[in-house]
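Below is final18.pdb, which holds PDB, C-alpha atoms.
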```pdb
ATOM      1  CA  MET A 446     133.940 -16.487 253.926
ATOM      2  CA  LYS A 447     133.791 -14.169 250.927
ATOM      3  CA  GLY A 448     131.654 -14.922 247.873
ATOM      4  CA  ASN A 449     134.559 -15.941 245.619
ATOM      5  CA  GLU A 450     135.932 -18.307 248.264
ATOM      6  CA  ARG A 451     132.482 -19.790 248.837
ATOM      7  CA  ARG A 452     131.950 -20.390 245.101
ATOM      8  CA  LYS A 453     135.366 -22.086 244.837
ATOM      9  CA  LYS A 454     134.350 -24.306 247.766
ATOM     10  CA  ILE A 455     131.042 -25.143 246.044
ATOM     11  CA  ILE A 456     132.904 -26.241 242.895
ATOM     12  CA  GLN A 457     135.287 -28.306 245.014
ATOM     13  CA  MET A 458     132.426 -29.985 246.893
ATOM     14  CA  LEU A 459     130.523 -30.765 243.692
ATOM     15  CA  SER A 460     133.595 -32.107 241.895
ATOM     16  CA  GLU A 461     134.448 -34.428 244.808
ATOM     17  CA  SER A 462     130.908 -35.783 245.163
ATOM     18  CA  GLU A 463     129.691 -38.839 243.251
ATOM     19  CA  THR A 464     126.048 -37.881 243.885
ATOM     20  CA  PRO A 465     124.130 -34.585 243.661
ATOM     21  CA  ILE A 466     124.289 -32.309 246.712
ATOM     22  CA  SER A 467     121.109 -30.560 247.799
ATOM     23  CA  GLY A 468     120.999 -26.792 248.072
ATOM     24  CA  ARG A 469     120.141 -27.139 251.764
ATOM     25  CA  ALA A 470     123.224 -29.329 252.374
ATOM     26  CA  LEU A 471     125.448 -26.799 250.600
ATOM     27  CA  ALA A 472     123.878 -23.938 252.556
ATOM     28  CA  ASP A 473     124.379 -25.754 255.868
ATOM     29  CA  ALA A 474     127.993 -26.690 255.068
ATOM     30  CA  LEU A 475     128.858 -23.131 254.025
ATOM     31  CA  GLN A 476     126.749 -21.457 256.732
ATOM     32  CA  VAL A 477     124.662 -19.360 254.348
ATOM     33  CA  SER A 478     121.029 -19.305 253.317
ATOM     34  CA  ARG A 479     119.583 -21.457 250.559
ATOM     35  CA  GLN A 480     118.956 -18.260 248.540
ATOM     36  CA  VAL A 481     122.675 -17.425 248.636
ATOM     37  CA  ILE A 482     123.392 -20.875 247.167
ATOM     38  CA  VAL A 483     120.855 -20.258 244.369
ATOM     39  CA  GLN A 484     122.566 -16.943 243.573
ATOM     40  CA  ASP A 485     126.010 -18.580 243.683
ATOM     41  CA  MET A 486     124.832 -21.262 241.251
ATOM     42  CA  ALA A 487     123.669 -18.581 238.813
ATOM     43  CA  LEU A 488     127.049 -16.841 239.032
ATOM     44  CA  LEU A 489     128.961 -20.115 238.642
ATOM     45  CA  ARG A 490     126.924 -21.043 235.559
ATOM     46  CA  ALA A 491     127.559 -17.594 234.099
ATOM     47  CA  GLN A 492     131.287 -18.366 234.480
ATOM     48  CA  ASP A 493     130.803 -21.456 232.239
ATOM     49  CA  ASN A 494     130.763 -24.026 235.043
ATOM     50  CA  ASN A 495     128.697 -26.972 233.846
ATOM     51  CA  ILE A 496     126.412 -27.321 236.878
ATOM     52  CA  ASN A 497     123.343 -29.489 236.623
ATOM     53  CA  SER A 498     120.302 -28.943 238.815
ATOM     54  CA  THR A 499     117.990 -31.885 239.527
ATOM     55  CA  ASN A 500     115.358 -32.755 242.085
ATOM     56  CA  LEU A 501     118.150 -34.517 244.029
ATOM     57  CA  GLY A 502     120.417 -31.470 244.131
ATOM     58  CA  TYR A 503     123.311 -29.944 242.238
ATOM     59  CA  SER A 504     126.020 -31.826 240.414
ATOM     60  CA  LEU A 505     128.987 -30.833 238.322
ATOM     61  CA  LEU A 506     128.906 -32.411 234.885
ATOM     62  CA  LYS A 507     132.287 -33.938 234.381
ATOM     63  CA  GLN A 508     133.949 -33.177 231.062
ATOM     64  CA  ASP A 509     135.639 -36.564 230.768
ATOM     65  CA  LYS A 510     132.390 -38.162 229.587
ATOM     66  CA  ALA A 511     131.336 -38.444 225.986
ATOM     67  CA  ARG A 512     128.014 -36.747 225.205
ATOM     68  CA  ARG A 513     125.671 -36.914 222.251
ATOM     69  CA  VAL A 514     122.196 -35.655 221.399
ATOM     70  CA  PHE A 515     119.822 -38.232 219.919
ATOM     71  CA  LYS A 516     116.608 -37.295 218.153
ATOM     72  CA  VAL A 517     114.116 -40.059 218.842
ATOM     73  CA  MET A 518     110.471 -40.901 218.288
ATOM     74  CA  HIS A 519     108.289 -43.556 219.915
ATOM     75  CA  THR A 520     104.918 -44.126 221.532
ATOM     76  CA  ASP A 521     104.083 -43.561 225.193
ATOM     77  CA  GLU A 522     104.133 -47.321 225.697
ATOM     78  CA  GLN A 523     107.749 -47.494 224.465
ATOM     79  CA  VAL A 524     109.210 -44.959 226.929
ATOM     80  CA  GLU A 525     110.473 -47.622 229.322
ATOM     81  CA  GLU A 526     111.994 -49.668 226.481
ATOM     82  CA  GLU A 527     113.810 -46.627 225.050
ATOM     83  CA  LEU A 528     115.214 -45.460 228.394
ATOM     84  CA  SER A 529     116.176 -49.022 229.408
ATOM     85  CA  LEU A 530     118.062 -49.509 226.160
ATOM     86  CA  ILE A 531     120.154 -46.409 226.869
ATOM     87  CA  VAL A 532     120.997 -47.193 230.507
ATOM     88  CA  ASP A 533     121.559 -50.905 229.834
ATOM     89  CA  TYR A 534     124.326 -49.968 227.396
ATOM     90  CA  GLY A 535     126.010 -47.673 229.926
ATOM     91  CA  GLY A 536     124.409 -44.357 229.027
ATOM     92  CA  VAL A 537     122.967 -41.663 231.265
ATOM     93  CA  VAL A 538     119.872 -39.868 229.966
ATOM     94  CA  GLU A 539     120.773 -36.366 231.092
ATOM     95  CA  ASP A 540     117.687 -34.620 229.778
ATOM     96  CA  VAL A 541     114.729 -34.625 227.448
ATOM     97  CA  PHE A 542     113.904 -31.708 225.216
ATOM     98  CA  ILE A 543     111.811 -30.722 222.269
ATOM     99  CA  TYR A 544     112.394 -28.229 219.515
ATOM    100  CA  HIS A 545     109.165 -26.300 219.142
ATOM    101  CA  LYS A 546     108.766 -24.055 216.104
ATOM    102  CA  VAL A 547     107.219 -21.283 218.239
ATOM    103  CA  TYR A 548     108.731 -21.742 221.718
ATOM    104  CA  GLY A 549     112.162 -22.950 220.632
ATOM    105  CA  ILE A 550     113.927 -25.463 222.853
ATOM    106  CA  VAL A 551     112.000 -26.667 225.910
ATOM    107  CA  ARG A 552     114.247 -28.809 228.134
ATOM    108  CA  ALA A 553     113.879 -30.835 231.356
ATOM    109  CA  ASP A 554     116.701 -32.461 233.329
ATOM    110  CA  LEU A 555     116.295 -36.208 233.918
ATOM    111  CA  GLN A 556     119.630 -37.735 235.038
ATOM    112  CA  ILE A 557     118.358 -41.284 234.487
ATOM    113  CA  ARG A 558     121.247 -43.667 235.206
ATOM    114  CA  CYS A 559     119.595 -47.019 235.921
ATOM    115  CA  ARG A 560     116.346 -48.959 235.769
ATOM    116  CA  LYS A 561     115.414 -47.774 239.281
ATOM    117  CA  ASP A 562     115.551 -44.172 237.999
ATOM    118  CA  ILE A 563     113.327 -45.187 235.080
ATOM    119  CA  GLU A 564     110.835 -46.739 237.496
ATOM    120  CA  ALA A 565     110.727 -43.543 239.586
ATOM    121  CA  PHE A 566     110.309 -41.414 236.452
ATOM    122  CA  LEU A 567     107.419 -43.550 235.200
ATOM    123  CA  GLN A 568     105.773 -43.489 238.649
ATOM    124  CA  ASP A 569     105.948 -39.679 238.631
ATOM    125  CA  LEU A 570     104.242 -39.634 235.235
ATOM    126  CA  ALA A 571     101.601 -42.105 236.397
ATOM    127  CA  THR A 572     100.312 -39.570 238.950
ATOM    128  CA  GLY A 573      98.857 -37.641 236.014
ATOM    129  CA  LYS A 574     100.228 -34.298 237.193
ATOM    130  CA  SER A 575     102.385 -34.051 234.066
ATOM    131  CA  GLY A 576     102.607 -35.630 230.663
ATOM    132  CA  LEU A 577     105.466 -36.560 228.393
ATOM    133  CA  LEU A 578     107.167 -33.621 226.697
ATOM    134  CA  LYS A 579     107.319 -35.561 223.417
ATOM    135  CA  ASN A 580     103.544 -35.403 223.100
ATOM    136  CA  VAL A 581     103.768 -31.693 222.267
ATOM    137  CA  THR A 582     105.685 -32.475 219.069
ATOM    138  CA  SER A 583     104.001 -35.615 217.688
ATOM    139  CA  ASN A 584     106.335 -37.952 219.643
ATOM    140  CA  TYR A 585     109.580 -36.375 218.361
ATOM    141  CA  HIS A 586     112.004 -35.417 221.103
ATOM    142  CA  TYR A 587     115.691 -35.390 221.980
ATOM    143  CA  HIS A 588     117.867 -36.786 224.724
ATOM    144  CA  THR A 589     121.333 -35.676 225.705
ATOM    145  CA  VAL A 590     123.046 -38.945 226.567
ATOM    146  CA  SER A 591     126.438 -39.258 228.236
ATOM    147  CA  ALA A 592     128.598 -42.352 228.502
ATOM    148  CA  PRO A 593     132.176 -43.149 229.513
ATOM    149  CA  THR A 594     133.274 -43.537 225.862
ATOM    150  CA  GLU A 595     132.300 -42.604 222.316
ATOM    151  CA  LYS A 596     132.188 -46.325 221.511
ATOM    152  CA  LEU A 597     129.347 -46.801 223.990
ATOM    153  CA  LEU A 598     127.479 -43.879 222.436
ATOM    154  CA  ASP A 599     127.980 -45.487 219.012
ATOM    155  CA  LEU A 600     126.527 -48.725 220.386
ATOM    156  CA  ILE A 601     123.555 -46.891 221.922
ATOM    157  CA  GLN A 602     122.965 -45.103 218.622
ATOM    158  CA  GLN A 603     123.049 -48.411 216.738
ATOM    159  CA  GLN A 604     120.574 -49.982 219.170
ATOM    160  CA  LEU A 605     118.219 -46.991 218.932
ATOM    161  CA  MET A 606     118.370 -47.275 215.155
ATOM    162  CA  GLU A 607     117.704 -51.032 215.182
ATOM    163  CA  LYS A 608     114.657 -50.564 217.445
ATOM    164  CA  GLY A 609     113.328 -47.828 215.132
ATOM    165  CA  PHE A 610     113.590 -45.097 217.782
ATOM    166  CA  LEU A 611     116.170 -42.915 216.021
ATOM    167  CA  ALA A 612     114.764 -40.037 213.948
ATOM    168  CA  LYS A 613     116.399 -37.859 211.285
ATOM    169  CA  LEU A 614     117.059 -34.153 211.866
ATOM    170  CA  GLN A 615     115.003 -31.898 209.601
ATOM    171  CA  ASP A 616     116.418 -28.874 207.755
ATOM    172  CA  TYR A 617     114.779 -26.384 210.148
ATOM    173  CA  GLU A 618     116.263 -27.994 213.291
ATOM    174  CA  PRO A 619     119.467 -26.587 214.762
ATOM    175  CA  VAL A 620     122.465 -28.894 214.867
ATOM    176  CA  ASN A 621     123.860 -27.424 218.086
ATOM    177  CA  PHE A 622     121.088 -27.468 220.685
ATOM    178  CA  TRP A 623     123.311 -25.927 223.386
ATOM    179  CA  GLU A 624     123.680 -22.465 221.833
TER     180      GLU A 624
END
```
Once more with this new file: its structure as structure tokens, please.
Amino acid sequence: MKGNERRKKIIQMLSESETPISGRALADALQVSRQVIVQDMALLRAQDNNINSTNLGYSLLKQDKARRVFKVMHTDEQVEEELSLIVDYGGVVEDVFIYHKVYGIVRADLQIRCRKDIEAFLQDLATGKSGLLKNVTSNYHYHTVSAPTEKLLDLIQQQLMEKGFLAKLQDYEPVNFWE
């Protein structure tokens, strides 16, 4: 199978899957090495394919979802409450990122869809190997949140505001964090 055919097959497999597919599973299915898959992913992303990489594998971000970036601020003790609010109203916390005045945007994929994902995330943090990204910027951070509709995102935004989690963008912050 040639490279172009293999990359078309990867897109097809990702678009048909409801869950992320590991690099090893893709490599086995396409009879190539894991490194070839990594290179294919880089090429596919360069062609504007919206491929997400998580600890569970690769997934294709579907364009039929509504997405919005929320700037939020809260304490360490409120992390579970903030994430639960988002998933309980039908949102997926795709990532967390900060806007650092020196380093620029520092982003980490999360893909938190339910309370079980929140529990796993908090357990990972509890090991002490890593801390919360928000602590680098005095608790200010951002989440890209997706939901089936704009109405759900509006509801999530309202709930974040009511809980006091929503923060205002400052003049120095970019509006489009994806550029």
List the spatial neighbours of region 578-583 of chain A as a PDB file with C-alpha atoms, in the frame of the given file - criterion: any atom at most 10 Å away, only C-alpha atoms, same-chain residues fewer than 4 positions off excluded.
```
ATOM      1  CA  VAL A 517     114.116 -40.059 218.842  1.00  0.00           C
ATOM      2  CA  MET A 518     110.471 -40.901 218.288  1.00  0.00           C
ATOM      3  CA  HIS A 519     108.289 -43.556 219.915  1.00  0.00           C
ATOM      4  CA  THR A 520     104.918 -44.126 221.532  1.00  0.00           C
ATOM      5  CA  ASP A 521     104.083 -43.561 225.193  1.00  0.00           C
ATOM      6  CA  VAL A 541     114.729 -34.625 227.448  1.00  0.00           C
ATOM      7  CA  PHE A 542     113.904 -31.708 225.216  1.00  0.00           C
ATOM      8  CA  ILE A 543     111.811 -30.722 222.269  1.00  0.00           C
ATOM      9  CA  TYR A 544     112.394 -28.229 219.515  1.00  0.00           C
ATOM     10  CA  HIS A 545     109.165 -26.300 219.142  1.00  0.00           C
ATOM     11  CA  LYS A 546     108.766 -24.055 216.104  1.00  0.00           C
ATOM     12  CA  VAL A 551     112.000 -26.667 225.910  1.00  0.00           C
ATOM     13  CA  ARG A 552     114.247 -28.809 228.134  1.00  0.00           C
ATOM     14  CA  ALA A 553     113.879 -30.835 231.356  1.00  0.00           C
ATOM     15  CA  TYR A 587     115.691 -35.390 221.980  1.00  0.00           C
TER      16      TYR A 587
END
```
* Asked: Could you pull the residues within 9 Å of Gln602 (chain A), counting all atoms listed in the file, minus those fewer than 5 positions along the same chain, as a ChimeraX atom specification?
  -> /A:515,531,597,607,611
* To do: Tell me which protein, DNA and RNA residues are within 8 Å of Leu530 (chain A), counting only C-alpha atoms, leaving out same-chain ones fewer than 4 positions away, and put them as a VMD selection string.
  => chain A and resid 526 534 601 604 to 605
* Asked: Written as a list of chain:residue names, what is the full residue list that the PyMOL selection byres ((chain A and resi 498-502) around 7) yields on the file shown?
  ->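 Selected by the PyMOL selection byres ((chain A and resi 498-502) around 7) in this file: A:Pro465, A:Ile466, A:Ser467, A:Gly468, A:Ile496, A:Asn497, A:Tyr503, A:Ser504, A:Asp554.
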Taking C-alpha atoms for each residue, export the selection above as a CSV table (one decimal), in the frame of the given file.
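File out.csv, as written:
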```
chain,number,residue,atom,x,y,z
A,465,PRO,CA,124.1,-34.6,243.7
A,466,ILE,CA,124.3,-32.3,246.7
A,467,SER,CA,121.1,-30.6,247.8
A,468,GLY,CA,121.0,-26.8,248.1
A,496,ILE,CA,126.4,-27.3,236.9
A,497,ASN,CA,123.3,-29.5,236.6
A,503,TYR,CA,123.3,-29.9,242.2
A,504,SER,CA,126.0,-31.8,240.4
A,554,ASP,CA,116.7,-32.5,233.3
```
* Could you state the separation of CA of Leu475 (chain A) and CA of Arg452 (chain A) in Å, given to one decimal place? ->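 The value is 9.8 Å.
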* To do: For CA of Gln556 (chain A) and CA of Glu463 (chain A), determine how far apart the two atoms are, in Å to one decimal place.
  =>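 According to the coordinates, CA of Gln556 (chain A) and CA of Glu463 (chain A) are separated by 13.0 Å.
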* **Of the listed residues A:Val537, A:Val483, A:Arg469, A:Ser529, that which approaches Glu564 (chain A) most closely, counting all atoms listed in the file** =>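 With all atoms listed in the file as the atom set, the closest residue is A:Ser529.
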* Name the residues in contact with region 454-457 of chain A at a cut-off of 9 Å, using all atoms listed in the file, excluding same-chain residues fewer than 5 positions from it; report them as a list in words. =>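 Result of the neighbour search: Asn449, Ser462, Leu471, Leu475, Ile482, Asp485, Met486, Leu489, Asn494, Ile496 and Leu505 of chain A.
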* Asked: So, counting all atoms listed in the file, which residue among A:Ala472, A:Leu614, A:Val532, A:Val547 is closest to Tyr585 (chain A)?
  ->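 Closest candidate: A:Leu614.
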* Interatomic distance (Å, one decimal) between CA of Cys559 (chain A) and CA of Leu528 (chain A) ->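 Between CA of Cys559 (chain A) and CA of Leu528 (chain A) the gap works out to 8.8 Å.
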* the PyMOL selection byres ((chain A and resi 594) around 10) on the file shown: which residues, as a PyMOL selection string? -> chain A and resi 509-512+535-536+591-593+595-599
